[in-house]
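Next comes coords31.cif, a file with mmCIF, C-alpha atoms and all ligand atoms.
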data_input
loop_
_atom_site.group_PDB
_atom_site.id
_atom_site.type_symbol
_atom_site.label_atom_id
_atom_site.label_comp_id
_atom_site.auth_asym_id
_atom_site.auth_seq_id
_atom_site.Cartn_x
_atom_site.Cartn_y
_atom_site.Cartn_z
ATOM 1 C CA MET A 269 8.070 21.452 -39.068
ATOM 2 C CA LEU A 270 9.956 23.560 -41.616
ATOM 3 C CA LEU A 271 8.583 26.890 -42.805
ATOM 4 C CA LEU A 272 8.649 27.561 -46.559
ATOM 5 C CA ILE A 273 7.794 31.092 -47.646
ATOM 6 C CA SER A 274 7.001 32.050 -51.237
ATOM 7 C CA PRO A 275 8.089 35.541 -52.343
ATOM 8 C CA ASP A 276 7.034 36.653 -55.820
ATOM 9 C CA GLY A 277 10.332 38.252 -56.786
ATOM 10 C CA VAL A 278 13.597 39.769 -55.640
ATOM 11 C CA GLU A 279 12.044 42.620 -53.651
ATOM 12 C CA GLU A 280 9.956 40.294 -51.490
ATOM 13 C CA ALA A 281 12.839 37.850 -51.174
ATOM 14 C CA LEU A 282 14.806 40.678 -49.565
ATOM 15 C CA GLU A 283 11.965 41.055 -47.043
ATOM 16 C CA CYS A 284 12.239 37.311 -46.404
ATOM 17 C CA ALA A 285 15.981 37.731 -45.895
ATOM 18 C CA LYS A 286 15.220 40.218 -43.081
ATOM 19 C CA ALA A 287 13.250 37.439 -41.381
ATOM 20 C CA ALA A 288 15.699 34.693 -42.329
ATOM 21 C CA GLU A 289 16.103 33.488 -38.750
ATOM 22 C CA HIS A 290 12.380 32.657 -38.675
ATOM 23 C CA LEU A 291 12.084 30.677 -41.897
ATOM 24 C CA ASP A 292 13.685 27.575 -43.391
ATOM 25 C CA ILE A 293 13.181 27.672 -47.174
ATOM 26 C CA VAL A 294 12.707 30.568 -49.607
ATOM 27 C CA ASP A 295 10.464 29.420 -52.437
ATOM 28 C CA VAL A 296 10.667 31.388 -55.694
ATOM 29 C CA LYS A 297 7.464 31.504 -57.675
ATOM 30 C CA LYS A 298 5.488 33.818 -59.917
ATOM 31 C CA PRO A 299 1.960 33.820 -58.490
ATOM 32 C CA ASP A 300 0.520 35.688 -61.467
ATOM 33 C CA GLU A 301 1.372 32.639 -63.614
ATOM 34 C CA GLY A 302 -0.534 30.268 -61.346
ATOM 35 C CA SER A 303 -0.464 28.650 -57.965
ATOM 36 C CA LEU A 304 2.965 27.140 -58.671
ATOM 37 C CA GLY A 305 3.872 29.608 -61.410
ATOM 38 C CA ALA A 306 7.523 29.506 -62.493
ATOM 39 C CA ASN A 307 9.685 32.593 -62.284
ATOM 40 C CA PHE A 308 12.547 33.594 -64.559
ATOM 41 C CA PRO A 309 15.978 31.937 -64.190
ATOM 42 C CA TRP A 310 17.633 35.289 -63.471
ATOM 43 C CA VAL A 311 15.165 35.936 -60.650
ATOM 44 C CA ILE A 312 16.010 32.584 -59.042
ATOM 45 C CA ARG A 313 19.721 33.411 -59.399
ATOM 46 C CA GLU A 314 19.325 36.859 -57.882
ATOM 47 C CA ILE A 315 17.263 35.537 -54.988
ATOM 48 C CA ARG A 316 19.852 32.819 -54.361
ATOM 49 C CA GLY A 317 22.407 35.600 -54.013
ATOM 50 C CA ALA A 318 20.150 37.702 -51.776
ATOM 51 C CA VAL A 319 19.170 35.218 -49.067
ATOM 52 C CA PRO A 320 21.622 33.808 -46.528
ATOM 53 C CA ALA A 321 23.637 30.904 -47.928
ATOM 54 C CA ASP A 322 22.386 28.516 -45.225
ATOM 55 C CA LYS A 323 18.757 28.943 -46.380
ATOM 56 C CA PRO A 324 17.847 26.651 -49.254
ATOM 57 C CA VAL A 325 16.186 28.278 -52.235
ATOM 58 C CA SER A 326 13.281 26.416 -53.758
ATOM 59 C CA ALA A 327 11.837 27.132 -57.182
ATOM 60 C CA THR A 328 8.532 26.113 -58.667
ATOM 61 C CA VAL A 329 8.686 24.784 -62.210
ATOM 62 C CA GLY A 330 5.082 25.746 -62.871
ATOM 63 C CA ASP A 331 1.603 24.255 -62.989
ATOM 64 C CA VAL A 332 2.923 21.911 -65.602
ATOM 65 C CA PRO A 333 1.281 20.140 -68.551
ATOM 66 C CA PHE A 334 1.736 16.433 -69.272
ATOM 67 C CA LYS A 335 4.873 17.080 -71.291
ATOM 68 C CA PRO A 336 7.671 15.142 -69.617
ATOM 69 C CA GLY A 337 10.516 16.454 -71.814
ATOM 70 C CA THR A 338 9.490 20.073 -71.498
ATOM 71 C CA VAL A 339 9.109 19.795 -67.741
ATOM 72 C CA ALA A 340 12.433 17.971 -67.251
ATOM 73 C CA GLN A 341 14.226 20.713 -69.149
ATOM 74 C CA ALA A 342 12.482 23.438 -67.117
ATOM 75 C CA ALA A 343 13.372 21.657 -63.871
ATOM 76 C CA LEU A 344 17.026 21.533 -64.897
ATOM 77 C CA GLY A 345 16.814 25.259 -65.614
ATOM 78 C CA ALA A 346 15.641 25.903 -62.050
ATOM 79 C CA ALA A 347 18.502 23.810 -60.649
ATOM 80 C CA VAL A 348 21.131 25.502 -62.845
ATOM 81 C CA SER A 349 19.783 28.848 -61.643
ATOM 82 C CA GLY A 350 20.595 27.952 -58.040
ATOM 83 C CA ALA A 351 17.496 26.298 -56.600
ATOM 84 C CA THR A 352 18.127 23.180 -54.551
ATOM 85 C CA TYR A 353 14.443 22.419 -53.945
ATOM 86 C CA ILE A 354 12.645 21.838 -57.223
ATOM 87 C CA LYS A 355 8.832 21.874 -56.968
ATOM 88 C CA VAL A 356 6.625 20.635 -59.766
ATOM 89 C CA GLY A 357 2.862 21.193 -59.835
ATOM 90 C CA LEU A 358 1.348 18.228 -61.669
ATOM 91 C CA TYR A 359 -1.544 20.290 -63.001
ATOM 92 C CA GLY A 360 -1.919 18.641 -66.402
ATOM 93 C CA CYS A 361 -1.512 15.040 -65.253
ATOM 94 C CA THR A 362 -4.812 13.225 -65.104
ATOM 95 C CA THR A 363 -3.490 9.798 -64.062
ATOM 96 C CA PRO A 364 -0.806 8.626 -61.628
ATOM 97 C CA ASP A 365 1.114 7.039 -64.535
ATOM 98 C CA GLN A 366 1.342 10.406 -66.295
ATOM 99 C CA ALA A 367 2.472 12.086 -63.094
ATOM 100 C CA ILE A 368 5.137 9.420 -62.487
ATOM 101 C CA GLU A 369 6.443 9.834 -66.044
ATOM 102 C CA VAL A 370 6.773 13.594 -65.585
ATOM 103 C CA MET A 371 8.432 13.286 -62.176
ATOM 104 C CA ARG A 372 10.883 10.584 -63.330
ATOM 105 C CA GLY A 373 12.130 12.957 -66.020
ATOM 106 C CA VAL A 374 12.467 15.758 -63.479
ATOM 107 C CA VAL A 375 14.326 13.585 -60.972
ATOM 108 C CA ARG A 376 16.781 12.408 -63.604
ATOM 109 C CA ALA A 377 17.372 15.858 -65.102
ATOM 110 C CA VAL A 378 17.877 17.494 -61.722
ATOM 111 C CA LYS A 379 19.859 14.800 -59.933
ATOM 112 C CA ASP A 380 22.207 14.147 -62.883
ATOM 113 C CA TYR A 381 23.153 17.798 -62.498
ATOM 114 C CA ARG A 382 23.010 18.051 -58.720
ATOM 115 C CA PRO A 383 22.612 14.760 -56.808
ATOM 116 C CA ASP A 384 21.817 16.480 -53.505
ATOM 117 C CA ALA A 385 18.940 18.512 -54.952
ATOM 118 C CA PHE A 386 15.552 17.892 -53.366
ATOM 119 C CA VAL A 387 12.671 17.149 -55.715
ATOM 120 C CA VAL A 388 9.091 17.845 -54.639
ATOM 121 C CA ALA A 389 6.122 16.324 -56.468
ATOM 122 C CA SER A 390 3.161 18.582 -55.850
ATOM 123 C CA GLY A 391 -0.490 17.868 -56.408
ATOM 124 C CA TYR A 392 -3.491 19.988 -55.604
ATOM 125 C CA ALA A 393 -5.911 19.690 -52.724
ATOM 126 C CA ASP A 394 -8.635 21.025 -55.044
ATOM 127 C CA ALA A 395 -7.788 18.539 -57.806
ATOM 128 C CA HIS A 396 -11.498 17.846 -58.268
ATOM 129 C CA ARG A 397 -11.907 21.413 -59.563
ATOM 130 C CA ILE A 398 -9.229 21.090 -62.275
ATOM 131 C CA GLY A 399 -9.321 17.395 -63.121
ATOM 132 C CA CYS A 400 -5.799 16.377 -62.111
ATOM 133 C CA VAL A 401 -4.570 13.438 -60.033
ATOM 134 C CA ASN A 402 -6.131 12.668 -56.675
ATOM 135 C CA PRO A 403 -4.293 14.329 -53.768
ATOM 136 C CA LEU A 404 -3.843 11.048 -51.910
ATOM 137 C CA ALA A 405 -2.046 9.558 -54.953
ATOM 138 C CA LEU A 406 0.863 11.982 -54.517
ATOM 139 C CA PRO A 407 2.922 10.019 -51.980
ATOM 140 C CA ASP A 408 2.984 6.975 -54.267
ATOM 141 C CA ILE A 409 3.748 9.148 -57.324
ATOM 142 C CA ALA A 410 6.633 10.741 -55.435
ATOM 143 C CA ARG A 411 7.957 7.381 -54.234
ATOM 144 C CA ARG A 412 7.766 5.644 -57.602
ATOM 145 C CA SER A 413 9.456 8.529 -59.396
ATOM 146 C CA GLY A 414 12.348 8.871 -56.938
ATOM 147 C CA SER A 415 11.196 12.268 -55.657
ATOM 148 C CA ASP A 416 12.041 13.360 -52.126
ATOM 149 C CA ALA A 417 8.764 14.875 -50.983
ATOM 150 C CA ALA A 418 5.065 14.844 -51.718
ATOM 151 C CA MET A 419 3.211 18.121 -51.484
ATOM 152 C CA LEU A 420 -0.283 19.522 -51.708
ATOM 153 C CA ASP A 421 -1.204 23.120 -52.471
ATOM 154 C CA THR A 422 -4.421 24.622 -53.794
ATOM 155 C CA ALA A 423 -4.649 25.312 -57.532
ATOM 156 C CA ILE A 424 -7.339 27.978 -57.379
ATOM 157 C CA LYS A 425 -6.557 30.784 -54.974
ATOM 158 C CA ASP A 426 -10.096 32.020 -54.424
ATOM 159 C CA GLY A 427 -10.134 32.036 -50.643
ATOM 160 C CA THR A 428 -10.800 28.332 -50.242
ATOM 161 C CA ARG A 429 -8.176 26.573 -48.198
ATOM 162 C CA LEU A 430 -6.326 23.286 -47.886
ATOM 163 C CA PHE A 431 -8.711 21.825 -45.292
ATOM 164 C CA ASP A 432 -11.790 22.898 -47.305
ATOM 165 C CA HIS A 433 -10.767 20.372 -49.950
ATOM 166 C CA VAL A 434 -8.767 17.772 -48.051
ATOM 167 C CA PRO A 435 -10.058 17.614 -44.476
ATOM 168 C CA PRO A 436 -7.568 17.289 -41.609
ATOM 169 C CA GLU A 437 -7.945 13.528 -41.263
ATOM 170 C CA ALA A 438 -7.293 13.019 -44.999
ATOM 171 C CA CYS A 439 -4.258 15.309 -44.726
ATOM 172 C CA GLY A 440 -3.163 13.080 -41.844
ATOM 173 C CA GLU A 441 -3.454 10.090 -44.156
ATOM 174 C CA PHE A 442 -1.419 11.961 -46.799
ATOM 175 C CA VAL A 443 1.362 12.547 -44.251
ATOM 176 C CA ARG A 444 1.211 8.935 -43.081
ATOM 177 C CA LEU A 445 1.497 7.625 -46.659
ATOM 178 C CA ALA A 446 4.406 9.966 -47.404
ATOM 179 C CA HIS A 447 6.276 8.866 -44.286
ATOM 180 C CA GLU A 448 5.596 5.201 -45.022
ATOM 181 C CA ALA A 449 7.227 5.809 -48.439
ATOM 182 C CA GLY A 450 10.258 7.441 -46.793
ATOM 183 C CA LEU A 451 9.331 10.930 -48.033
ATOM 184 C CA LEU A 452 8.762 14.321 -46.486
ATOM 185 C CA ALA A 453 5.186 15.611 -46.487
ATOM 186 C CA ALA A 454 4.607 19.256 -47.403
ATOM 187 C CA LEU A 455 1.253 21.028 -47.107
ATOM 188 C CA ALA A 456 0.088 24.428 -48.296
ATOM 189 C CA GLY A 457 -3.036 26.158 -49.543
ATOM 190 C CA SER A 458 -4.005 29.444 -47.874
ATOM 191 C CA VAL A 459 -2.822 27.977 -44.593
ATOM 192 C CA LYS A 460 -3.337 30.258 -41.586
ATOM 193 C CA SER A 461 -1.997 30.282 -38.030
ATOM 194 C CA ALA A 462 -5.229 28.664 -36.914
ATOM 195 C CA ASP A 463 -4.313 25.562 -38.946
ATOM 196 C CA LEU A 464 -0.962 25.056 -37.250
ATOM 197 C CA ALA A 465 -2.247 22.945 -34.358
ATOM 198 C CA THR A 466 -3.672 20.410 -36.825
ATOM 199 C CA LEU A 467 -0.682 20.509 -39.165
ATOM 200 C CA THR A 468 1.601 19.879 -36.194
ATOM 201 C CA ARG A 469 -0.546 17.085 -34.791
ATOM 202 C CA ILE A 470 -0.616 15.150 -38.071
ATOM 203 C CA GLY A 471 3.181 15.335 -38.440
ATOM 204 C CA THR A 472 3.552 17.720 -41.408
ATOM 205 C CA ASP A 473 7.240 18.176 -42.296
ATOM 206 C CA ILE A 474 7.013 21.392 -44.336
ATOM 207 C CA VAL A 475 4.302 24.050 -44.294
ATOM 208 C CA GLY A 476 4.230 26.433 -47.261
ATOM 209 C CA VAL A 477 2.710 29.883 -46.933
ATOM 210 C CA ARG A 478 2.376 33.162 -48.719
ATOM 211 C CA GLY A 479 -0.962 34.855 -47.958
ATOM 212 C CA ALA A 480 -0.626 34.349 -44.200
ATOM 213 C CA VAL A 481 2.597 36.364 -44.098
ATOM 214 C CA CYS A 482 1.453 39.108 -46.507
ATOM 215 C CA GLU A 483 -0.024 42.373 -45.308
ATOM 216 C CA GLY A 484 -3.775 41.998 -44.805
ATOM 217 C CA GLY A 485 -3.488 38.260 -45.477
ATOM 218 C CA ASP A 486 -3.709 39.124 -49.177
ATOM 219 C CA ARG A 487 -1.336 37.030 -51.305
ATOM 220 C CA ASN A 488 -1.922 39.227 -54.377
ATOM 221 C CA LYS A 489 -2.153 42.836 -53.208
ATOM 222 C CA GLY A 490 -0.307 42.464 -49.902
ATOM 223 C CA ARG A 491 3.452 42.195 -49.595
ATOM 224 C CA ILE A 492 5.391 39.771 -47.400
ATOM 225 C CA GLN A 493 6.081 41.346 -44.014
ATOM 226 C CA PRO A 494 9.063 40.186 -41.924
ATOM 227 C CA ARG A 495 7.091 40.716 -38.692
ATOM 228 C CA LEU A 496 4.313 38.419 -39.943
ATOM 229 C CA VAL A 497 6.915 35.760 -40.788
ATOM 230 C CA ALA A 498 8.245 36.093 -37.220
ATOM 231 C CA ASP A 499 4.707 35.880 -35.765
ATOM 232 C CA PHE A 500 3.896 32.808 -37.859
ATOM 233 C CA ARG A 501 7.108 31.084 -36.738
ATOM 234 C CA ALA A 502 6.347 31.928 -33.107
ATOM 235 C CA GLU A 503 2.987 30.196 -33.470
ATOM 236 C CA MET A 504 4.649 27.186 -35.109
ATOM 237 C CA ASP A 505 7.100 26.952 -32.236
ATOM 238 C CA ARG A 506 4.304 27.271 -29.659
ATOM 239 C CA HIS A 507 2.342 24.434 -31.255
ATOM 240 C CA ALA A 508 5.465 22.282 -31.495
ATOM 241 C CA ARG A 509 6.088 22.762 -27.756
ATOM 242 C CA GLU A 510 2.472 22.035 -26.849
ATOM 243 C CA HIS A 511 2.411 18.940 -29.039
ATOM 244 C CA ALA A 512 5.641 17.640 -27.509
ATOM 245 C CA ALA A 513 4.219 18.216 -24.018
ATOM 246 C CA THR A 514 1.022 16.346 -24.917
ATOM 247 C CA LEU A 515 3.015 13.398 -26.259
ATOM 248 C CA ALA A 516 5.238 13.367 -23.194
ATOM 249 C CA ALA A 517 2.183 13.326 -20.909
ATOM 250 C CA SER A 518 0.422 10.501 -22.719
HETATM 251 O O1 LIG A 601 3.974 27.002 -51.484
HETATM 252 C C1 LIG A 601 3.245 27.756 -50.837
HETATM 253 C C2 LIG A 601 2.260 28.640 -51.482
HETATM 254 O O2 LIG A 601 2.835 29.763 -52.027
HETATM 255 C C3 LIG A 601 1.141 28.960 -50.579
HETATM 256 O O3 LIG A 601 0.555 30.204 -50.846
HETATM 257 P P1 LIG A 601 -0.738 30.624 -50.010
HETATM 258 O O4 LIG A 601 -0.402 30.432 -48.554
HETATM 259 O O5 LIG A 601 -0.988 32.044 -50.335
HETATM 260 O O6 LIG A 601 -1.812 29.711 -50.461
#

I need this file expressed as structure tokens, please.
Ligand SMILES: O=C[C@H](O)COP(=O)(O)O
Amino acid sequence: MLLLISPDGVEEALECAKAAEHLDIVDVKKPDEGSLGANFPWVIREIRGAVPADKPVSATVGDVPFKPGTVAQAALGAAVSGATYIKVGLYGCTTPDQAIEVMRGVVRAVKDYRPDAFVVASGYADAHRIGCVNPLALPDIARRSGSDAAMLDTAIKDGTRLFDHVPPEACGEFVRLAHEAGLLAALAGSVKSADLATLTRIGTDIVGVRGAVCEGGDRNKGRIQPRLVADFRAEMDRHAREHAATLAAS
């Protein structure tokens, strides 16, 4: 499982860089603009320059409206700024067809510019609270639009968590559908260490976190701490070993 960490700017990205050996992807966002809030192009560029070259930089394009042209242009902006993972939160899409239309535009805009870029179609585990597409529709949306991964995060960061909205077995189904479609499955949403056993067991490819690696577990007031990134990775590695041992014994 890959570890994606979301700093809110250059200063926190430098803290991530101190823990670079423990993480896999640095994900640029602007949490005060929403769960997948987009940051400025110059921030993405500066963070790209600040983290080791072998660590991919991801950028969120925002909690986007159903405006395919606008979103495609924003996605290209993230790619031009140096992000190679482009994450789109399909906040304003109420049907799978709308979501596919948005993601097709993103895939074309990004991959025409950079064919090896990795496009992530993200829905929301708490979709029922905001009226957007059903979480389990994401793998098919990602597949039909030519995206590379399907993701779930939570839209409303009020302390409720991924499994509060999409229980572990439904997350397992999400991962299964993504894999069946040839995609990676990414999960996030106030994930904590205690969730890692389940996320490992169901075959999650990428886990995205912020709050869990911030001081006091507070994604807003706390700052990302390199030692918490290291601790989180240690727990991931422990669960991976235990899971492999269980499989080997069965
Ligand atoms: O993409 C990952 C998100 O930033 C997760 O943030 P969170 O762990 O605070 O919910």

If you take only C-alpha atoms and all ligand atoms and a cut-off of 9 Å, which residues of chain A touch ligand LIG 601 (chain A), and what are their nearest atom pairs and distances in Å to one decimal, in chain and number order, as CSV?
residue,atom,partner,partner_atom,distance
A:Leu272,CA,A:LIG601,O1,6.8
A:Ile273,CA,A:LIG601,C1,6.5
A:Ser274,CA,A:LIG601,O2,4.8
A:Pro275,CA,A:LIG601,O2,7.8
A:Asp276,CA,A:LIG601,O2,8.9
A:Asp295,CA,A:LIG601,O1,7.0
A:Val296,CA,A:LIG601,O2,8.8
A:Lys297,CA,A:LIG601,O2,7.5
A:Pro299,CA,A:LIG601,O2,7.7
A:Ser303,CA,A:LIG601,O2,6.9
A:Leu304,CA,A:LIG601,O2,7.1
A:Thr328,CA,A:LIG601,O1,8.6
A:Lys355,CA,A:LIG601,O1,8.9
A:Met419,CA,A:LIG601,O1,8.9
A:Leu420,CA,A:LIG601,O1,8.6
A:Asp421,CA,A:LIG601,O1,6.5
A:Thr422,CA,A:LIG601,O6,6.6
A:Ala423,CA,A:LIG601,O6,8.8
A:Lys425,CA,A:LIG601,O6,6.6
A:Gly427,CA,A:LIG601,O6,8.6
A:Arg429,CA,A:LIG601,O6,7.4
A:Leu430,CA,A:LIG601,O6,8.3
A:Ala454,CA,A:LIG601,O1,8.8
A:Leu455,CA,A:LIG601,O1,7.9
A:Ala456,CA,A:LIG601,C3,5.2
A:Gly457,CA,A:LIG601,O6,3.9
A:Ser458,CA,A:LIG601,O6,3.4
A:Val459,CA,A:LIG601,O4,5.3
A:Lys460,CA,A:LIG601,O4,7.6
A:Val475,CA,A:LIG601,C1,7.6
A:Gly476,CA,A:LIG601,C1,3.9
A:Val477,CA,A:LIG601,O4,3.6
A:Arg478,CA,A:LIG601,O5,3.9
A:Gly479,CA,A:LIG601,O5,3.7
A:Ala480,CA,A:LIG601,O4,5.9
A:Val481,CA,A:LIG601,O4,8.0
A:Cys482,CA,A:LIG601,O5,8.4
A:Gly485,CA,A:LIG601,O5,8.3
A:Asp486,CA,A:LIG601,O5,7.7
A:Arg487,CA,A:LIG601,O5,5.1
A:Asn488,CA,A:LIG601,O5,8.3

For the residues in the current selection, export C-alpha atoms as a tab-separated table (two decimals), keeping the file's coordinate frame.
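Writing the result to selection09.tsv gives the following:
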chain	number	residue	atom	x	y	z
A	272	LEU	CA	8.65	27.56	-46.56
A	273	ILE	CA	7.79	31.09	-47.65
A	274	SER	CA	7.00	32.05	-51.24
A	275	PRO	CA	8.09	35.54	-52.34
A	276	ASP	CA	7.03	36.65	-55.82
A	295	ASP	CA	10.46	29.42	-52.44
A	296	VAL	CA	10.67	31.39	-55.69
A	297	LYS	CA	7.46	31.50	-57.68
A	299	PRO	CA	1.96	33.82	-58.49
A	303	SER	CA	-0.46	28.65	-57.96
A	304	LEU	CA	2.96	27.14	-58.67
A	328	THR	CA	8.53	26.11	-58.67
A	355	LYS	CA	8.83	21.87	-56.97
A	419	MET	CA	3.21	18.12	-51.48
A	420	LEU	CA	-0.28	19.52	-51.71
A	421	ASP	CA	-1.20	23.12	-52.47
A	422	THR	CA	-4.42	24.62	-53.79
A	423	ALA	CA	-4.65	25.31	-57.53
A	425	LYS	CA	-6.56	30.78	-54.97
A	427	GLY	CA	-10.13	32.04	-50.64
A	429	ARG	CA	-8.18	26.57	-48.20
A	430	LEU	CA	-6.33	23.29	-47.89
A	454	ALA	CA	4.61	19.26	-47.40
A	455	LEU	CA	1.25	21.03	-47.11
A	456	ALA	CA	0.09	24.43	-48.30
A	457	GLY	CA	-3.04	26.16	-49.54
A	458	SER	CA	-4.00	29.44	-47.87
A	459	VAL	CA	-2.82	27.98	-44.59
A	460	LYS	CA	-3.34	30.26	-41.59
A	475	VAL	CA	4.30	24.05	-44.29
A	476	GLY	CA	4.23	26.43	-47.26
A	477	VAL	CA	2.71	29.88	-46.93
A	478	ARG	CA	2.38	33.16	-48.72
A	479	GLY	CA	-0.96	34.85	-47.96
A	480	ALA	CA	-0.63	34.35	-44.20
A	481	VAL	CA	2.60	36.36	-44.10
A	482	CYS	CA	1.45	39.11	-46.51
A	485	GLY	CA	-3.49	38.26	-45.48
A	486	ASP	CA	-3.71	39.12	-49.18
A	487	ARG	CA	-1.34	37.03	-51.30
A	488	ASN	CA	-1.92	39.23	-54.38

Centre and edges of the range 394-400 of chain A box, axis-aligned, 3 Å extra per side, as JSON:
{"center_x": -8.9, "center_y": 18.9, "center_z": -59.1, "size_x": 12.1, "size_y": 11.0, "size_z": 14.1}

For CA of His511 in chain A and CA of Val443 in chain A, the interatomic separation in Å (one decimal) = 16.5 Å

ask   = What is the CA of Gly440 in chain A to CA of Ala367 in chain A distance in Å?
value = 22.0 Å

query = Using all atoms listed in the file, which of the listed residues (A:His396, A:Arg411, A:Lys323, A:Arg495) sits closest to Leu270 in chain A?
reply = A:Lys323

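Using all atoms listed in the file, the nearest neighbour of Ala465 in chain A within the list A:His507, A:His433, A:Glu441, A:Gly391 is A:His507.
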
Neighbouring residues of Lys298 in chain A were defined as those with any atom within 7 Å, considering only C-alpha atoms; residues of the same chain fewer than 2 positions away were excluded. Please report them as a compact mmCIF listing (two decimals) with C-alpha atoms, in the frame of the given file.
# COMPACT_ATOMS: atom_id res chain seq x y z
CA ASP A 276 7.03 36.65 -55.82
CA ASP A 300 0.52 35.69 -61.47
CA GLU A 301 1.37 32.64 -63.61
CA GLY A 305 3.87 29.61 -61.41
CA ALA A 306 7.52 29.51 -62.49
CA ASN A 307 9.68 32.59 -62.28

ask   = What is the distance between CA of Pro336 in chain A and CA of Arg372 in chain A, in Å to one decimal?
value =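 If I compute the distance from CA of Pro336 in chain A to CA of Arg372 in chain A, I get 8.4 Å.
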
query = Within 9 Å of Glu483 in chain A, counting all atoms listed in the file, which residues qualify if same-chain residues fewer than 6 places away don't, as number ranges by chain?
reply = A: 489-493, 496

Pick from A:Cys400, A:Val375, A:Ala512, A:Cys284, whichever lies nearest to Ala340 in chain A using all atoms listed in the file =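 Of A:Cys400, A:Val375, A:Ala512, A:Cys284, the one nearest Ala340 in chain A, counting all atoms listed in the file, is A:Val375.
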
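Listed by chain and then by number, the residues chosen by the PyMOL selection byres (((chain A and resi 448) around 12) and not hetatm) in this file are Pro407, Asp408, Ala410, Arg411, Ala417, Ala418, Glu441, Phe442, Val443, Arg444, Leu445, Ala446, His447, Ala449, Gly450, Leu451, Leu452 and Ala453 of chain A.
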
task = Give me the residues within 10 Å of Ala288 in chain A as a PyMOL selection string, counting all atoms listed in the file and dropping any in the same chain fewer than 5 places off.
result = chain A and resi 281-283+293-294+319-320+322-323+494+497-498

message = Assuming the chain letters and numbering stay as they are in my file, what does the PyMOL selection byres (((chain A and resi 345) around 12) and not hetatm) actually select? List them as a VMD selection string.
response = chain A and resid 306 to 313 327 to 329 338 to 344 346 to 352 354 374 377 to 378 381 to 382

Keeping only C-alpha atoms, write the selected residues to a file as an mmCIF file, in the coordinates of the input.
data_model
loop_
_atom_site.group_PDB
_atom_site.id
_atom_site.type_symbol
_atom_site.label_atom_id
_atom_site.label_comp_id
_atom_site.auth_asym_id
_atom_site.auth_seq_id
_atom_site.Cartn_x
_atom_site.Cartn_y
_atom_site.Cartn_z
ATOM 1 C CA ALA A 306 7.523 29.506 -62.493
ATOM 2 C CA ASN A 307 9.685 32.593 -62.284
ATOM 3 C CA PHE A 308 12.547 33.594 -64.559
ATOM 4 C CA PRO A 309 15.978 31.937 -64.190
ATOM 5 C CA TRP A 310 17.633 35.289 -63.471
ATOM 6 C CA VAL A 311 15.165 35.936 -60.650
ATOM 7 C CA ILE A 312 16.010 32.584 -59.042
ATOM 8 C CA ARG A 313 19.721 33.411 -59.399
ATOM 9 C CA ALA A 327 11.837 27.132 -57.182
ATOM 10 C CA THR A 328 8.532 26.113 -58.667
ATOM 11 C CA VAL A 329 8.686 24.784 -62.210
ATOM 12 C CA THR A 338 9.490 20.073 -71.498
ATOM 13 C CA VAL A 339 9.109 19.795 -67.741
ATOM 14 C CA ALA A 340 12.433 17.971 -67.251
ATOM 15 C CA GLN A 341 14.226 20.713 -69.149
ATOM 16 C CA ALA A 342 12.482 23.438 -67.117
ATOM 17 C CA ALA A 343 13.372 21.657 -63.871
ATOM 18 C CA LEU A 344 17.026 21.533 -64.897
ATOM 19 C CA ALA A 346 15.641 25.903 -62.050
ATOM 20 C CA ALA A 347 18.502 23.810 -60.649
ATOM 21 C CA VAL A 348 21.131 25.502 -62.845
ATOM 22 C CA SER A 349 19.783 28.848 -61.643
ATOM 23 C CA GLY A 350 20.595 27.952 -58.040
ATOM 24 C CA ALA A 351 17.496 26.298 -56.600
ATOM 25 C CA THR A 352 18.127 23.180 -54.551
ATOM 26 C CA ILE A 354 12.645 21.838 -57.223
ATOM 27 C CA VAL A 374 12.467 15.758 -63.479
ATOM 28 C CA ALA A 377 17.372 15.858 -65.102
ATOM 29 C CA VAL A 378 17.877 17.494 -61.722
ATOM 30 C CA TYR A 381 23.153 17.798 -62.498
ATOM 31 C CA ARG A 382 23.010 18.051 -58.720
#

Since I can't run it myself right now, could you work out what the PyMOL selection byres (((chain A and resi 395) around 12) and not hetatm) selects here and report it as a JSON list (two decimals) with C-alpha atoms, in the frame of the given file?
[["chain", "number", "residue", "atom", "x", "y", "z"],
["A", 357, "GLY", "CA", 2.86, 21.19, -59.84],
["A", 358, "LEU", "CA", 1.35, 18.23, -61.67],
["A", 359, "TYR", "CA", -1.54, 20.29, -63.00],
["A", 360, "GLY", "CA", -1.92, 18.64, -66.40],
["A", 361, "CYS", "CA", -1.51, 15.04, -65.25],
["A", 362, "THR", "CA", -4.81, 13.22, -65.10],
["A", 363, "THR", "CA", -3.49, 9.80, -64.06],
["A", 390, "SER", "CA", 3.16, 18.58, -55.85],
["A", 391, "GLY", "CA", -0.49, 17.87, -56.41],
["A", 392, "TYR", "CA", -3.49, 19.99, -55.60],
["A", 393, "ALA", "CA", -5.91, 19.69, -52.72],
["A", 394, "ASP", "CA", -8.64, 21.02, -55.04],
["A", 396, "HIS", "CA", -11.50, 17.85, -58.27],
["A", 397, "ARG", "CA", -11.91, 21.41, -59.56],
["A", 398, "ILE", "CA", -9.23, 21.09, -62.28],
["A", 399, "GLY", "CA", -9.32, 17.40, -63.12],
["A", 400, "CYS", "CA", -5.80, 16.38, -62.11],
["A", 401, "VAL", "CA", -4.57, 13.44, -60.03],
["A", 402, "ASN", "CA", -6.13, 12.67, -56.68],
["A", 403, "PRO", "CA", -4.29, 14.33, -53.77],
["A", 404, "LEU", "CA", -3.84, 11.05, -51.91],
["A", 405, "ALA", "CA", -2.05, 9.56, -54.95],
["A", 406, "LEU", "CA", 0.86, 11.98, -54.52],
["A", 420, "LEU", "CA", -0.28, 19.52, -51.71],
["A", 421, "ASP", "CA", -1.20, 23.12, -52.47],
["A", 422, "THR", "CA", -4.42, 24.62, -53.79],
["A", 423, "ALA", "CA", -4.65, 25.31, -57.53],
["A", 424, "ILE", "CA", -7.34, 27.98, -57.38],
["A", 430, "LEU", "CA", -6.33, 23.29, -47.89],
["A", 433, "HIS", "CA", -10.77, 20.37, -49.95],
["A", 434, "VAL", "CA", -8.77, 17.77, -48.05]]
